[in-house]
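Raw contents of entry_29.pdb, PDB, C-alpha atoms, pLDDT in the B column:
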ATOM      1  CA  MET N 369      67.109  96.395  52.470  1.00 87.00           C
ATOM      2  CA  HIS N 370      64.800  93.439  51.790  1.00 93.00           C
ATOM      3  CA  ILE N 371      66.441  90.442  50.066  1.00 94.00           C
ATOM      4  CA  PRO N 372      64.032  88.299  47.998  1.00 95.00           C
ATOM      5  CA  ILE N 373      63.998  84.619  48.987  1.00 96.00           C
ATOM      6  CA  LEU N 374      63.523  82.631  45.779  1.00 95.00           C
ATOM      7  CA  ALA N 375      63.323  79.122  47.253  1.00 96.00           C
ATOM      8  CA  SER N 376      63.820  77.457  50.625  1.00 95.00           C
ATOM      9  CA  GLY N 377      63.919  74.104  52.333  1.00 95.00           C
ATOM     10  CA  ARG N 378      64.316  72.862  55.891  1.00 94.00           C
ATOM     11  CA  SER N 379      68.005  73.861  56.099  1.00 95.00           C
ATOM     12  CA  TRP N 380      68.736  75.967  53.011  1.00 96.00           C
ATOM     13  CA  LEU N 381      67.500  78.979  51.067  1.00 96.00           C
ATOM     14  CA  VAL N 382      68.227  80.633  47.741  1.00 96.00           C
ATOM     15  CA  VAL N 383      68.204  84.420  47.638  1.00 96.00           C
ATOM     16  CA  ALA N 384      68.409  87.022  44.881  1.00 95.00           C
ATOM     17  CA  LYS N 385      71.746  88.765  45.500  1.00 94.00           C
ATOM     18  CA  PRO N 386      71.729  92.337  44.235  1.00 93.00           C
ATOM     19  CA  SER N 387      74.822  93.775  42.571  1.00 89.00           C
ATOM     20  CA  GLY N 388      76.969  96.134  44.601  1.00 86.00           C
ATOM     21  CA  ILE N 389      76.917  94.125  47.821  1.00 88.00           C
ATOM     22  CA  VAL N 390      79.494  91.663  49.165  1.00 85.00           C
ATOM     23  CA  VAL N 391      78.400  88.179  50.251  1.00 86.00           C
ATOM     24  CA  HIS N 392      80.424  88.441  53.472  1.00 79.00           C
ATOM     25  CA  ARG N 393      82.956  90.858  54.856  1.00 71.00           C
ATOM     26  CA  ASN N 394      86.561  90.127  54.009  1.00 65.00           C
ATOM     27  CA  GLU N 395      89.908  91.872  53.723  1.00 64.00           C
ATOM     28  CA  TRP N 396      88.791  93.664  50.519  1.00 59.00           C
ATOM     29  CA  SER N 397      85.442  94.987  51.780  1.00 58.00           C
ATOM     30  CA  TYR N 398      84.992  98.416  53.324  1.00 63.00           C
ATOM     31  CA  ASP N 399      84.880  98.741  57.117  1.00 64.00           C
ATOM     32  CA  HIS N 400      81.214  99.708  57.330  1.00 68.00           C
ATOM     33  CA  GLN N 401      80.004  97.818  54.263  1.00 71.00           C
ATOM     34  CA  ILE N 402      76.868  95.782  54.900  1.00 81.00           C
ATOM     35  CA  ALA N 403      77.187  92.192  53.721  1.00 87.00           C
ATOM     36  CA  LEU N 404      74.469  89.954  52.307  1.00 91.00           C
ATOM     37  CA  LEU N 405      75.158  87.415  55.056  1.00 91.00           C
ATOM     38  CA  GLN N 406      74.103  89.892  57.760  1.00 91.00           C
ATOM     39  CA  LEU N 407      71.059  91.091  55.797  1.00 93.00           C
ATOM     40  CA  VAL N 408      69.740  87.549  55.265  1.00 95.00           C
ATOM     41  CA  ARG N 409      70.495  86.540  58.871  1.00 95.00           C
ATOM     42  CA  ASP N 410      68.609  89.547  60.220  1.00 94.00           C
ATOM     43  CA  GLN N 411      65.745  89.044  57.783  1.00 95.00           C
ATOM     44  CA  ILE N 412      65.071  85.388  58.666  1.00 95.00           C
ATOM     45  CA  GLY N 413      66.244  85.522  62.292  1.00 95.00           C
ATOM     46  CA  MET N 414      68.682  82.595  61.968  1.00 94.00           C
ATOM     47  CA  GLN N 415      72.404  82.089  61.431  1.00 94.00           C
ATOM     48  CA  VAL N 416      73.198  81.384  57.774  1.00 95.00           C
ATOM     49  CA  ASN N 417      76.286  80.175  55.931  1.00 93.00           C
ATOM     50  CA  PRO N 418      76.916  81.105  52.301  1.00 93.00           C
ATOM     51  CA  VAL N 419      77.474  77.904  50.330  1.00 92.00           C
ATOM     52  CA  HIS N 420      79.257  79.759  47.517  1.00 87.00           C
ATOM     53  CA  ARG N 421      80.014  83.342  46.504  1.00 84.00           C
ATOM     54  CA  LEU N 422      79.327  85.832  43.787  1.00 85.00           C
ATOM     55  CA  ASP N 423      81.490  88.904  43.246  1.00 82.00           C
ATOM     56  CA  ALA N 424      80.224  92.136  44.802  1.00 79.00           C
ATOM     57  CA  GLY N 425      79.392  93.589  41.373  1.00 82.00           C
ATOM     58  CA  THR N 426      77.447  90.499  40.319  1.00 85.00           C
ATOM     59  CA  SER N 427      73.752  89.871  40.868  1.00 89.00           C
ATOM     60  CA  GLY N 428      72.320  86.374  40.895  1.00 90.00           C
ATOM     61  CA  CYS N 429      71.032  83.418  42.867  1.00 92.00           C
ATOM     62  CA  LEU N 430      72.977  82.574  46.005  1.00 93.00           C
ATOM     63  CA  ILE N 431      72.530  79.542  48.251  1.00 95.00           C
ATOM     64  CA  PHE N 432      72.685  79.813  52.041  1.00 96.00           C
ATOM     65  CA  ALA N 433      72.540  76.918  54.495  1.00 96.00           C
ATOM     66  CA  THR N 434      71.148  77.269  57.998  1.00 96.00           C
ATOM     67  CA  ASP N 435      73.345  74.544  59.497  1.00 95.00           C
ATOM     68  CA  SER N 436      76.899  73.277  59.040  1.00 94.00           C
ATOM     69  CA  PRO N 437      76.066  69.746  57.769  1.00 95.00           C
ATOM     70  CA  THR N 438      73.886  71.144  54.965  1.00 95.00           C
ATOM     71  CA  SER N 439      76.520  73.723  54.071  1.00 94.00           C
ATOM     72  CA  ALA N 440      79.214  71.022  53.882  1.00 94.00           C
ATOM     73  CA  MET N 441      76.989  68.684  51.846  1.00 94.00           C
ATOM     74  CA  ILE N 442      76.122  71.334  49.218  1.00 93.00           C
ATOM     75  CA  GLN N 443      79.706  72.608  49.006  1.00 91.00           C
ATOM     76  CA  GLU N 444      80.987  69.053  48.511  1.00 91.00           C
ATOM     77  CA  ALA N 445      78.426  68.430  45.763  1.00 91.00           C
ATOM     78  CA  MET N 446      79.376  71.687  44.009  1.00 86.00           C
ATOM     79  CA  GLN N 447      83.070  70.771  44.070  1.00 84.00           C
ATOM     80  CA  LYS N 448      82.672  67.368  42.443  1.00 85.00           C
ATOM     81  CA  GLU N 449      83.995  67.007  38.919  1.00 79.00           C
ATOM     82  CA  ASP N 450      80.565  66.165  37.543  1.00 84.00           C
ATOM     83  CA  ALA N 451      78.948  69.259  39.102  1.00 84.00           C
ATOM     84  CA  ARG N 452      77.615  71.593  36.418  1.00 87.00           C
ATOM     85  CA  LYS N 453      77.609  75.330  36.968  1.00 86.00           C
ATOM     86  CA  THR N 454      75.953  77.638  34.463  1.00 89.00           C
ATOM     87  CA  TYR N 455      75.995  81.420  34.552  1.00 89.00           C
ATOM     88  CA  TYR N 456      73.738  83.638  32.438  1.00 90.00           C
ATOM     89  CA  ALA N 457      74.992  87.155  31.834  1.00 88.00           C
ATOM     90  CA  PHE N 458      72.996  89.978  30.284  1.00 86.00           C
ATOM     91  CA  CYS N 459      75.733  92.254  29.012  1.00 84.00           C
ATOM     92  CA  ARG N 460      76.003  95.692  27.521  1.00 82.00           C
ATOM     93  CA  GLY N 461      77.427  95.650  24.004  1.00 84.00           C
ATOM     94  CA  ASP N 462      77.332  93.341  21.007  1.00 85.00           C
ATOM     95  CA  ALA N 463      79.151  90.134  21.997  1.00 88.00           C
ATOM     96  CA  SER N 464      78.149  88.117  18.942  1.00 88.00           C
ATOM     97  CA  TRP N 465      81.850  87.828  18.061  1.00 89.00           C
ATOM     98  CA  ILE N 466      82.184  85.369  20.975  1.00 91.00           C
ATOM     99  CA  GLY N 467      80.010  82.745  19.261  1.00 90.00           C
ATOM    100  CA  ASN N 468      80.974  79.467  20.949  1.00 94.00           C
ATOM    101  CA  ARG N 469      84.467  79.515  22.377  1.00 94.00           C
ATOM    102  CA  THR N 470      86.626  78.150  25.131  1.00 94.00           C
ATOM    103  CA  GLU N 471      88.449  80.651  27.298  1.00 92.00           C
ATOM    104  CA  SER N 472      91.461  79.374  29.267  1.00 92.00           C
ATOM    105  CA  ARG N 473      93.646  81.430  31.536  1.00 89.00           C
ATOM    106  CA  PRO N 474      95.345  81.109  34.921  1.00 88.00           C
ATOM    107  CA  ILE N 475      93.605  82.650  37.951  1.00 85.00           C
ATOM    108  CA  LYS N 476      94.569  83.064  41.607  1.00 82.00           C
ATOM    109  CA  ASP N 477      92.447  81.257  44.173  1.00 75.00           C
ATOM    110  CA  ASP N 478      91.598  82.589  47.653  1.00 70.00           C
ATOM    111  CA  LYS N 479      95.035  81.546  48.917  1.00 80.00           C
ATOM    112  CA  GLY N 480      96.923  83.239  46.079  1.00 83.00           C
ATOM    113  CA  ILE N 481      97.729  79.966  44.308  1.00 87.00           C
ATOM    114  CA  VAL N 482      97.627  80.234  40.515  1.00 89.00           C
ATOM    115  CA  ARG N 483      95.427  77.584  38.887  1.00 87.00           C
ATOM    116  CA  ASP N 484      94.259  76.897  35.367  1.00 88.00           C
ATOM    117  CA  ALA N 485      90.697  77.989  34.647  1.00 88.00           C
ATOM    118  CA  THR N 486      88.702  77.002  31.572  1.00 91.00           C
ATOM    119  CA  THR N 487      85.222  78.275  30.762  1.00 92.00           C
ATOM    120  CA  LEU N 488      82.962  77.496  27.820  1.00 94.00           C
ATOM    121  CA  LEU N 489      81.314  80.673  26.524  1.00 94.00           C
ATOM    122  CA  GLU N 490      78.338  81.005  24.213  1.00 96.00           C
ATOM    123  CA  CYS N 491      76.647  84.140  22.944  1.00 94.00           C
ATOM    124  CA  VAL N 492      73.019  83.032  22.604  1.00 93.00           C
ATOM    125  CA  GLY N 493      71.753  86.392  21.367  1.00 87.00           C
ATOM    126  CA  ALA N 494      72.973  89.867  20.555  1.00 84.00           C
ATOM    127  CA  CYS N 495      71.426  93.011  19.162  1.00 78.00           C
ATOM    128  CA  ASP N 496      72.991  96.182  17.923  1.00 72.00           C
ATOM    129  CA  ASP N 497      70.258  98.162  16.199  1.00 69.00           C
ATOM    130  CA  ASP N 498      67.262 100.389  16.867  1.00 66.00           C
ATOM    131  CA  SER N 499      64.737  97.543  16.519  1.00 65.00           C
ATOM    132  CA  VAL N 500      65.287  96.644  20.186  1.00 66.00           C
ATOM    133  CA  PRO N 501      62.944  98.197  22.781  1.00 67.00           C
ATOM    134  CA  PRO N 502      64.819 100.834  24.856  1.00 67.00           C
ATOM    135  CA  GLU N 503      64.116  98.987  28.137  1.00 66.00           C
ATOM    136  CA  ILE N 504      66.155  96.015  26.891  1.00 61.00           C
ATOM    137  CA  GLY N 505      69.028  98.209  25.859  1.00 56.00           C
ATOM    138  CA  LEU N 506      70.634  99.088  22.582  1.00 68.00           C
ATOM    139  CA  ARG N 507      73.632  96.888  21.882  1.00 78.00           C
ATOM    140  CA  SER N 508      73.166  94.142  24.437  1.00 82.00           C
ATOM    141  CA  SER N 509      73.939  90.421  24.550  1.00 88.00           C
ATOM    142  CA  LEU N 510      72.987  87.309  26.472  1.00 91.00           C
ATOM    143  CA  LEU N 511      75.946  85.069  27.304  1.00 94.00           C
ATOM    144  CA  VAL N 512      76.065  81.609  28.849  1.00 95.00           C
ATOM    145  CA  ALA N 513      79.243  80.662  30.727  1.00 93.00           C
ATOM    146  CA  ARG N 514      79.973  77.124  31.894  1.00 92.00           C
ATOM    147  CA  PRO N 515      83.134  76.791  33.998  1.00 88.00           C
ATOM    148  CA  VAL N 516      84.988  73.536  33.322  1.00 85.00           C
ATOM    149  CA  THR N 517      87.900  74.084  35.725  1.00 78.00           C
ATOM    150  CA  GLY N 518      88.941  76.846  38.085  1.00 64.00           C
TER
END

Have the structure of the file written as structure tokens, please.
Amino acid sequence: MHIPILASGRSWLVVAKPSGIVVHRNEWSYDHQIALLQLVRDQIGMQVNPVHRLDAGTSGCLIFATDSPTSAMIQEAMQKEDARKTYYAFCRGDASWIGNRTESRPIKDDKGIVRDATTLLECVGACDDDSVPPEIGLRSSLLVARPVTG
């Protein structure tokens, strides 16, 4: 499987992660499941470190570093309070009811510790009629999610 490289620098690259693939093997992945980490490593012929993760079912841009100092630097920058993360989600169904809202709920982190998580959600567009071209999808929405904490 070829993984598109969207951007790269001396010690980092951004790839297009397809849905249905884990970033790296872990206790929840299947024994023989191929991970994005191995695919990218084999494709570019270098060791890579994922700087962050996306769930297996999620597609999107993922940053890899090719050395430990770059990985640490990007991870530190992403963890700062003033770091801004924005997720765009093309969803099935009419989500116009979301409007602009704040969603807060506790979540478990990687170590099983429950933490508060707050995300700002905005439905920037929704359609639910036959005027939409079939390739876009009847009853679909574009959401923007901006995690504040968690």

Worksheet item: Care to translate the PyMOL selection byres ((chain N and resi 439) around 12) into actual residues of this file, as a list of chain:residue names?
Response: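 Selection result, ordered by chain and number: N:Ser379, N:Trp380, N:Leu381, N:Gln415, N:Val416, N:Asn417, N:Pro418, N:Val419, N:His420, N:Ile431, N:Phe432, N:Ala433, N:Thr434, N:Asp435, N:Ser436, N:Pro437, N:Thr438, N:Ala440, N:Met441, N:Ile442, N:Gln443, N:Glu444, N:Ala445, N:Met446.
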
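Nearest to Ser464 in chain N of all the residues N:Ala485, N:Val390, N:Leu430, N:Leu510 is N:Leu510, counting all atoms listed in the file.
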
Residues matched by the PyMOL selection byres ((chain N and resi 489) around 10) as a PDB file with C-alpha atoms, in the frame of the given file:
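Result file selection_12.pdb:
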ATOM      1  CA  TYR N 455      75.995  81.420  34.552  1.00 89.00           C
ATOM      2  CA  ILE N 466      82.184  85.369  20.975  1.00 91.00           C
ATOM      3  CA  GLY N 467      80.010  82.745  19.261  1.00 90.00           C
ATOM      4  CA  ASN N 468      80.974  79.467  20.949  1.00 94.00           C
ATOM      5  CA  ARG N 469      84.467  79.515  22.377  1.00 94.00           C
ATOM      6  CA  THR N 470      86.626  78.150  25.131  1.00 94.00           C
ATOM      7  CA  GLU N 471      88.449  80.651  27.298  1.00 92.00           C
ATOM      8  CA  THR N 486      88.702  77.002  31.572  1.00 91.00           C
ATOM      9  CA  THR N 487      85.222  78.275  30.762  1.00 92.00           C
ATOM     10  CA  LEU N 488      82.962  77.496  27.820  1.00 94.00           C
ATOM     11  CA  GLU N 490      78.338  81.005  24.213  1.00 96.00           C
ATOM     12  CA  CYS N 491      76.647  84.140  22.944  1.00 94.00           C
ATOM     13  CA  VAL N 492      73.019  83.032  22.604  1.00 93.00           C
ATOM     14  CA  LEU N 511      75.946  85.069  27.304  1.00 94.00           C
ATOM     15  CA  VAL N 512      76.065  81.609  28.849  1.00 95.00           C
ATOM     16  CA  ALA N 513      79.243  80.662  30.727  1.00 93.00           C
ATOM     17  CA  ARG N 514      79.973  77.124  31.894  1.00 92.00           C
ATOM     18  CA  PRO N 515      83.134  76.791  33.998  1.00 88.00           C
TER      19      PRO N 515
END

Practice prompt. Using only C-alpha atoms, find the one residue out of N:Gly461, N:Gly428, N:Pro474, N:Gly493 that sits nearest to Val382 in chain N.
Written response: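 Going through N:Gly461, N:Gly428, N:Pro474, N:Gly493 one by one, the smallest distance to Val382 in chain N is for N:Gly428.
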
For the provided coordinates, the residues matched by the PyMOL selection byres ((chain N and resi 402) around 8) should be stated as a CSV table (one decimal) with C-alpha atoms, in the frame of the given file.
chain,number,residue,atom,x,y,z
N,389,ILE,CA,76.9,94.1,47.8
N,390,VAL,CA,79.5,91.7,49.2
N,393,ARG,CA,83.0,90.9,54.9
N,400,HIS,CA,81.2,99.7,57.3
N,401,GLN,CA,80.0,97.8,54.3
N,403,ALA,CA,77.2,92.2,53.7
N,404,LEU,CA,74.5,90.0,52.3
N,406,GLN,CA,74.1,89.9,57.8
N,407,LEU,CA,71.1,91.1,55.8

Item to complete: Find the residue from N:Ala451, N:Ala457, N:Leu405, N:Val516 that sits nearest to Arg473 in chain N; use all atoms listed in the file when measuring.
Response: N:Val516

Worksheet item: What is the CA of Ser387 in chain N-CA of Thr426 in chain N distance in Å, reported with one decimal?
Response: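 One can read the CA of Ser387 in chain N to CA of Thr426 in chain N distance as 4.8 Å.
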
Fill in: Gap from CA of Lys476 in chain N to CA of Lys385 in chain N - Å, one decimal
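Computing the Euclidean distance for CA of Lys476 in chain N and CA of Lys385 in chain N yields 23.8 Å.
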
Item to complete: One decimal, Å: what's the distance from CA of Ser427 in chain N over to CA of Ser508 in chain N, could you say?
Response: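 Interatomic distance, CA of Ser427 in chain N to CA of Ser508 in chain N: 17.0 Å.
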
Item to complete: For Val383 in chain N, list every protein, DNA or RNA residue within 7 Å, evaluated using only C-alpha atoms, and leave out those in the same chain fewer than 4 positions away; present the list as an NGL selection string.
Response: :N and (371-374 or 429-431)

Worksheet item: How would you write as a list in words the residues that get within 8 Å of (71.3, 91.4, 25.3) in the file's frame, counting all atoms listed in the file?
Response: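 Those within range, by chain then number, are Phe458, Cys459, Arg460, Gly461, Asp462, Gly493, Ala494, Cys495, Ile504, Gly505, Arg507, Ser508, Ser509 and Leu510 of chain N.
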
File output for range 482-496 of chain N (all heavy atoms) as a short mmCIF file (atom, residue, chain, number, x, y, z; two decimals), in the first residue's frame:
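Once written, part_19.cif looks like this:
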data_model
loop_
_atom_site.label_atom_id
_atom_site.label_comp_id
_atom_site.auth_asym_id
_atom_site.auth_seq_id
_atom_site.Cartn_x
_atom_site.Cartn_y
_atom_site.Cartn_z
N VAL N 482 -8.84 9.23 34.21
CA VAL N 482 -9.97 10.01 33.70
C VAL N 482 -9.65 11.49 33.80
O VAL N 482 -9.24 11.98 34.86
CB VAL N 482 -11.27 9.68 34.49
CG1 VAL N 482 -12.42 10.54 34.01
CG2 VAL N 482 -11.61 8.20 34.34
N ARG N 483 -9.81 12.20 32.68
CA ARG N 483 -9.53 13.63 32.61
C ARG N 483 -10.70 14.34 31.94
O ARG N 483 -11.41 13.75 31.14
CB ARG N 483 -8.26 13.89 31.81
CG ARG N 483 -7.03 13.22 32.38
CD ARG N 483 -5.78 13.64 31.63
NE ARG N 483 -4.62 12.88 32.02
CZ ARG N 483 -3.86 13.12 33.08
NH1 ARG N 483 -4.16 14.11 33.88
NH2 ARG N 483 -2.81 12.38 33.35
N ASP N 484 -10.86 15.61 32.28
CA ASP N 484 -11.88 16.41 31.61
C ASP N 484 -11.45 16.69 30.18
O ASP N 484 -10.26 16.90 29.92
CB ASP N 484 -12.09 17.75 32.35
CG ASP N 484 -12.79 17.56 33.68
OD1 ASP N 484 -13.58 16.61 33.80
OD2 ASP N 484 -12.55 18.37 34.59
N ALA N 485 -12.40 16.69 29.28
CA ALA N 485 -12.12 17.00 27.87
C ALA N 485 -13.22 17.93 27.37
O ALA N 485 -14.40 17.64 27.50
CB ALA N 485 -12.07 15.74 27.04
N THR N 486 -12.80 19.06 26.80
CA THR N 486 -13.74 20.03 26.25
C THR N 486 -13.37 20.30 24.80
O THR N 486 -12.20 20.52 24.49
CB THR N 486 -13.70 21.34 27.06
OG1 THR N 486 -14.05 21.05 28.41
CG2 THR N 486 -14.66 22.37 26.49
N THR N 487 -14.37 20.25 23.94
CA THR N 487 -14.16 20.50 22.51
C THR N 487 -15.22 21.46 22.02
O THR N 487 -16.40 21.33 22.35
CB THR N 487 -14.26 19.18 21.71
OG1 THR N 487 -13.27 18.27 22.21
CG2 THR N 487 -14.05 19.41 20.23
N LEU N 488 -14.79 22.45 21.23
CA LEU N 488 -15.71 23.37 20.58
C LEU N 488 -16.10 22.76 19.24
O LEU N 488 -15.24 22.36 18.45
CB LEU N 488 -15.05 24.73 20.36
CG LEU N 488 -14.45 25.40 21.60
CD1 LEU N 488 -13.73 26.68 21.20
CD2 LEU N 488 -15.54 25.67 22.62
N LEU N 489 -17.40 22.64 19.00
CA LEU N 489 -17.91 22.05 17.76
C LEU N 489 -18.67 23.08 16.96
O LEU N 489 -19.39 23.90 17.53
CB LEU N 489 -18.85 20.88 18.07
CG LEU N 489 -18.24 19.69 18.80
CD1 LEU N 489 -19.33 18.73 19.23
CD2 LEU N 489 -17.24 18.99 17.91
N GLU N 490 -18.52 23.02 15.64
CA GLU N 490 -19.27 23.92 14.77
C GLU N 490 -19.66 23.15 13.51
O GLU N 490 -18.82 22.52 12.86
CB GLU N 490 -18.40 25.11 14.38
CG GLU N 490 -19.09 26.06 13.43
CD GLU N 490 -18.18 27.18 12.97
OE1 GLU N 490 -16.99 27.20 13.32
OE2 GLU N 490 -18.68 28.04 12.23
N CYS N 491 -20.95 23.19 13.19
CA CYS N 491 -21.41 22.63 11.93
C CYS N 491 -21.36 23.77 10.92
O CYS N 491 -22.13 24.73 11.01
CB CYS N 491 -22.83 22.08 12.06
SG CYS N 491 -23.44 21.39 10.51
N VAL N 492 -20.44 23.69 9.97
CA VAL N 492 -20.27 24.77 9.00
C VAL N 492 -21.12 24.57 7.76
O VAL N 492 -21.27 25.49 6.95
CB VAL N 492 -18.79 24.98 8.60
CG1 VAL N 492 -17.99 25.44 9.80
CG2 VAL N 492 -18.20 23.73 8.01
N GLY N 493 -21.71 23.41 7.61
CA GLY N 493 -22.60 23.16 6.47
C GLY N 493 -23.25 21.81 6.59
O GLY N 493 -22.66 20.86 7.07
N ALA N 494 -24.51 21.74 6.18
CA ALA N 494 -25.24 20.49 6.21
C ALA N 494 -26.25 20.49 5.07
O ALA N 494 -26.76 21.54 4.68
CB ALA N 494 -25.96 20.31 7.55
N CYS N 495 -26.52 19.34 4.54
CA CYS N 495 -27.53 19.22 3.49
C CYS N 495 -28.35 17.96 3.75
O CYS N 495 -27.85 16.97 4.24
CB CYS N 495 -26.88 19.19 2.12
SG CYS N 495 -25.58 17.96 1.96
N ASP N 496 -29.61 18.06 3.42
CA ASP N 496 -30.48 16.91 3.64
C ASP N 496 -31.54 16.78 2.56
O ASP N 496 -32.64 16.31 2.80
CB ASP N 496 -31.13 16.98 5.02
CG ASP N 496 -32.08 18.16 5.17
OD1 ASP N 496 -32.16 18.99 4.24
OD2 ASP N 496 -32.75 18.24 6.21
#
